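Data from protein-v5.cif: mmCIF, C-alpha atoms
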data_final
loop_
_atom_site.group_PDB
_atom_site.id
_atom_site.type_symbol
_atom_site.label_atom_id
_atom_site.label_comp_id
_atom_site.auth_asym_id
_atom_site.auth_seq_id
_atom_site.Cartn_x
_atom_site.Cartn_y
_atom_site.Cartn_z
ATOM 1 C CA MET K 24 80.390 65.673 63.080
ATOM 2 C CA ALA K 25 82.845 68.426 64.115
ATOM 3 C CA GLY K 26 79.907 70.647 65.096
ATOM 4 C CA ASN K 27 78.548 67.842 67.282
ATOM 5 C CA LEU K 28 81.924 67.521 69.037
ATOM 6 C CA GLY K 29 81.924 71.292 69.537
ATOM 7 C CA ALA K 30 78.466 71.133 71.095
ATOM 8 C CA GLN K 31 79.548 68.303 73.383
ATOM 9 C CA ALA K 32 82.615 70.258 74.453
ATOM 10 C CA ALA K 33 80.490 73.356 75.074
ATOM 11 C CA ASN K 34 78.066 71.305 77.168
ATOM 12 C CA ALA K 35 80.961 69.867 79.165
ATOM 13 C CA VAL K 36 82.294 73.381 79.820
ATOM 14 C CA ASP K 37 78.822 74.566 80.830
ATOM 15 C CA GLU K 38 78.543 71.668 83.297
ATOM 16 C CA LYS K 39 81.935 72.528 84.805
ATOM 17 C CA ILE K 40 80.877 76.169 85.098
ATOM 18 C CA ARG K 41 77.709 75.097 86.954
ATOM 19 C CA GLU K 42 79.871 73.024 89.324
ATOM 20 C CA PHE K 43 82.163 76.030 89.808
ATOM 21 C CA ARG K 44 79.225 78.307 90.660
ATOM 22 C CA THR K 45 77.907 75.745 93.144
ATOM 23 C CA LEU K 46 81.329 75.597 94.801
ATOM 24 C CA GLN K 47 81.438 79.397 94.977
ATOM 25 C CA GLU K 48 78.012 79.458 96.669
ATOM 26 C CA GLU K 49 79.179 76.838 99.176
ATOM 27 C CA LEU K 50 82.303 78.906 99.872
ATOM 28 C CA THR K 51 80.182 82.004 100.459
ATOM 29 C CA THR K 52 78.023 80.091 102.934
ATOM 30 C CA LEU K 53 81.059 78.648 104.723
ATOM 31 C CA ARG K 54 82.701 82.071 104.987
ATOM 32 C CA SER K 55 79.496 83.494 106.416
ATOM 33 C CA ASP K 56 79.361 80.644 108.943
ATOM 34 C CA LEU K 57 82.993 81.331 109.846
ATOM 35 C CA GLY K 58 82.171 84.994 110.473
ATOM 36 C CA THR K 59 79.308 83.999 112.761
ATOM 37 C CA LEU K 60 81.531 81.577 114.686
ATOM 38 C CA MET K 61 84.239 84.206 115.115
ATOM 39 C CA ALA K 62 81.686 86.695 116.418
ATOM 40 C CA GLN K 63 80.459 84.074 118.906
ATOM 41 C CA ARG K 64 84.027 83.367 119.985
ATOM 42 C CA ASN K 65 84.708 87.078 120.523
ATOM 43 C CA GLU K 66 81.511 87.437 122.535
ATOM 44 C CA ASN K 67 82.408 84.476 124.741
ATOM 45 C CA GLU K 68 85.959 85.767 125.229
ATOM 46 C CA MET K 69 84.494 89.059 126.456
ATOM 47 C CA VAL K 70 82.262 87.142 128.876
ATOM 48 C CA LYS K 71 85.338 85.230 130.083
ATOM 49 C CA GLN K 72 87.149 88.524 130.704
ATOM 50 C CA GLU K 73 84.171 89.833 132.667
ATOM 51 C CA LEU K 74 84.127 86.648 134.733
ATOM 52 C CA ASP K 75 87.848 87.155 135.454
ATOM 53 C CA VAL K 76 87.041 90.664 136.722
ATOM 54 C CA CYS K 77 84.319 89.171 138.915
ATOM 55 C CA ASP K 78 86.824 86.636 140.219
ATOM 56 C CA GLN K 79 89.245 89.432 141.179
ATOM 57 C CA GLU K 80 86.467 91.267 142.998
ATOM 58 C CA ALA K 81 85.525 88.071 144.851
ATOM 59 C CA ASN K 82 89.164 87.575 145.889
ATOM 60 C CA GLU K 83 89.245 91.126 147.250
ATOM 61 C CA GLY K 84 86.322 90.322 149.498
ATOM 62 C CA GLY K 85 83.545 91.764 147.333
ATOM 63 C CA GLU K 86 80.304 89.962 146.806
ATOM 64 C CA VAL K 87 79.884 88.754 143.250
ATOM 65 C CA VAL K 88 76.570 87.627 141.834
ATOM 66 C CA VAL K 89 76.438 86.090 138.363
ATOM 67 C CA TYR K 90 73.228 85.449 136.489
ATOM 68 C CA LYS K 91 72.525 83.376 133.412
ATOM 69 C CA GLN K 92 69.603 83.819 131.104
ATOM 70 C CA VAL K 93 67.295 80.853 130.664
ATOM 71 C CA GLY K 94 64.618 81.878 128.207
ATOM 72 C CA PRO K 95 63.170 85.181 129.411
ATOM 73 C CA VAL K 96 64.322 84.613 133.023
ATOM 74 C CA LEU K 97 67.613 85.431 134.771
ATOM 75 C CA ILE K 98 68.749 82.727 137.196
ATOM 76 C CA LYS K 99 71.487 83.064 139.790
ATOM 77 C CA ASN K 100 74.577 81.092 138.746
ATOM 78 C CA ASP K 101 77.743 80.042 140.559
ATOM 79 C CA LEU K 102 80.866 81.882 139.325
ATOM 80 C CA ASP K 103 82.867 78.659 138.825
ATOM 81 C CA GLU K 104 79.990 77.046 136.961
ATOM 82 C CA ALA K 105 79.667 80.103 134.719
ATOM 83 C CA ARG K 106 83.417 80.049 134.020
ATOM 84 C CA GLU K 107 83.244 76.325 133.151
ATOM 85 C CA THR K 108 80.311 76.857 130.825
ATOM 86 C CA VAL K 109 82.080 79.680 128.995
ATOM 87 C CA ALA K 110 85.297 77.629 128.710
ATOM 88 C CA LYS K 111 83.354 74.702 127.213
ATOM 89 C CA ARG K 112 81.605 77.049 124.786
ATOM 90 C CA LEU K 113 84.931 78.548 123.715
ATOM 91 C CA GLU K 114 86.403 75.082 123.212
ATOM 92 C CA PHE K 115 83.425 73.999 121.105
ATOM 93 C CA ILE K 116 83.415 77.183 119.029
ATOM 94 C CA SER K 117 87.170 76.940 118.418
ATOM 95 C CA GLY K 118 86.687 73.372 117.176
ATOM 96 C CA GLU K 119 83.916 74.480 114.833
ATOM 97 C CA ILE K 120 86.100 77.315 113.525
ATOM 98 C CA LYS K 121 88.886 74.835 112.724
ATOM 99 C CA LYS K 122 86.440 72.516 110.940
ATOM 100 C CA THR K 123 84.985 75.380 108.929
ATOM 101 C CA GLU K 124 88.429 76.719 107.994
ATOM 102 C CA LEU K 125 89.416 73.236 106.809
ATOM 103 C CA LYS K 126 86.260 72.977 104.699
ATOM 104 C CA ILE K 127 86.970 76.406 103.206
ATOM 105 C CA THR K 128 90.532 75.365 102.346
ATOM 106 C CA LYS K 129 89.306 72.178 100.642
ATOM 107 C CA LYS K 130 86.564 73.971 98.716
ATOM 108 C CA ASP K 131 89.020 76.700 97.671
ATOM 109 C CA GLU K 132 91.384 74.066 96.291
ATOM 110 C CA GLN K 133 88.527 72.331 94.447
ATOM 111 C CA SER K 134 87.446 75.691 93.075
ATOM 112 C CA HIS K 135 90.947 76.514 91.810
ATOM 113 C CA GLN K 136 91.303 73.086 90.181
ATOM 114 C CA LEU K 137 87.899 73.410 88.544
ATOM 115 C CA ALA K 138 88.675 76.927 87.280
ATOM 116 C CA LYS K 139 91.943 75.630 85.807
ATOM 117 C CA SER K 140 90.088 72.758 84.140
ATOM 118 C CA ILE K 141 87.479 75.126 82.690
ATOM 119 C CA GLN K 142 90.188 77.417 81.364
ATOM 120 C CA GLU K 143 91.986 74.490 79.710
ATOM 121 C CA MET K 144 88.748 73.227 78.155
ATOM 122 C CA GLN K 145 87.881 76.674 76.806
ATOM 123 C CA SER K 146 91.404 77.066 75.409
ATOM 124 C CA ALA K 147 91.153 73.699 73.673
ATOM 125 C CA MET K 148 87.778 74.700 72.205
ATOM 126 C CA GLN K 149 89.245 77.967 70.903
ATOM 127 C CA LYS K 150 92.173 76.122 69.296
ATOM 128 C CA ALA K 151 89.777 73.643 67.700
ATOM 129 C CA ALA K 152 87.660 76.522 66.377
ATOM 130 C CA VAL K 153 90.751 78.182 64.862
ATOM 131 C CA GLU K 154 91.815 74.915 63.243
ATOM 132 C CA ALA K 155 88.310 74.374 61.869
ATOM 133 C CA ALA K 156 88.273 77.925 60.473
ATOM 134 C CA LYS K 157 91.670 77.363 58.807
ATOM 135 C CA ALA K 158 90.493 74.073 57.318
ATOM 136 C CA ALA K 159 87.313 75.710 55.996
ATOM 137 C CA ALA K 160 89.334 78.579 54.518
ATOM 138 C CA GLN K 161 91.683 76.130 52.778
ATOM 139 C CA GLN K 162 88.748 74.172 51.341
ATOM 140 C CA ALA K 163 87.149 77.373 50.074
ATOM 141 C CA ALA K 164 90.372 78.448 48.346
#
Structure re-expressed in structure tokens:
Amino acid sequence: MAGNLGAQAANAVDEKIREFRTLQEELTTLRSDLGTLMAQRNENEMVKQELDVCDQEANEGGEVVVYKQVGPVLIKNDLDEARETVAKRLEFISGEIKKTELKITKKDEQSHQLAKSIQEMQSAMQKAAVEAAKAAAQQAA
């Protein structure tokens, strides 16, 4: 019967370890997504800076022409419209970054709790194995 309990405990630990690995994979995916979002934010911030330079040139009397890419074609775009589009993109991306960071924080916490649980279960199994070995040694003596 003790061996059966040991097998059940081992199966429970194995299941927790599978859950832990799944969480780690999800965290890896989320961190990759976060990296992509940050790269997009940086790219859009650079575009915003370029649009600010264009705005300065327009204020100094220079002619500014802004184009946007639609599929394989470049289409003339109004400077204010381009600035609005970039601002909306930045707002959206910043929101997605916050959501992703929150998900990462939650998954990290779940991962830490699960790791702690696994460690406690393994420790309990080791103590039970030591007690069983002592009991067997006493019966043999």
| Selected by the PyMOL selection byres ((chain K and resi 145-154) around 12) in the shown coordinates: which residues, as JSON, numbers by chain? | {"K": [25, 26, 28, 29, 30, 31, 32, 33, 34, 35, 36, 37, 39, 40, 138, 139, 140, 141, 142, 143, 144, 155, 156, 157, 158, 159, 160, 161]}
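Straight-line separation from CA of Lys126 in chain K to CA of Arg54 in chain K: 9.8 Å.
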| field | Shell around range 101-109 of chain K at 7 Å using all atoms listed in the file, local window under 4 positions removed, as a ChimeraX atom specification | value | /K:67,71,74,89,113
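Take the candidates K:Phe43, K:Thr59, K:Glu83, K:Thr51 and check each one against Ile120 in chain K using all atoms listed in the file; the shortest distance goes to K:Thr59.
When only C-alpha atoms are used to compute distances to His135 in chain K, the closest of the residues K:Gln47, K:Gln63, K:Asn82, K:Asn27 turns out to be K:Gln47.
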| remark: Shortest contact to Leu50 in chain K, candidates K:Thr128, K:Gln136, K:Glu114, K:Gln162, atoms counted only C-alpha atoms, goes to K:Thr128
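Note that the spacing between CA of Glu86 in chain K and CA of Glu73 in chain K amounts to 14.7 Å.
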May I have the centre and edge lengths, in Å to one decimal, of an axis-aligned box around the listed atoms of range 142-145 of chain K with 8 Å added to every side, as AutoDock Vina command-line options?
--center_x 89.9 --center_y 75.3 --center_z 79.1 --size_x 20.1 --size_y 20.2 --size_z 20.6
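CA of Val87 in chain K to CA of Asn65 in chain K spans 23.3 Å [interatomic distance, one decimal].
When all atoms listed in the file are used to compute distances to Ile127 in chain K, the closest of the residues K:Thr45, K:Gln92, K:Gln72, K:Thr52 turns out to be K:Thr52.
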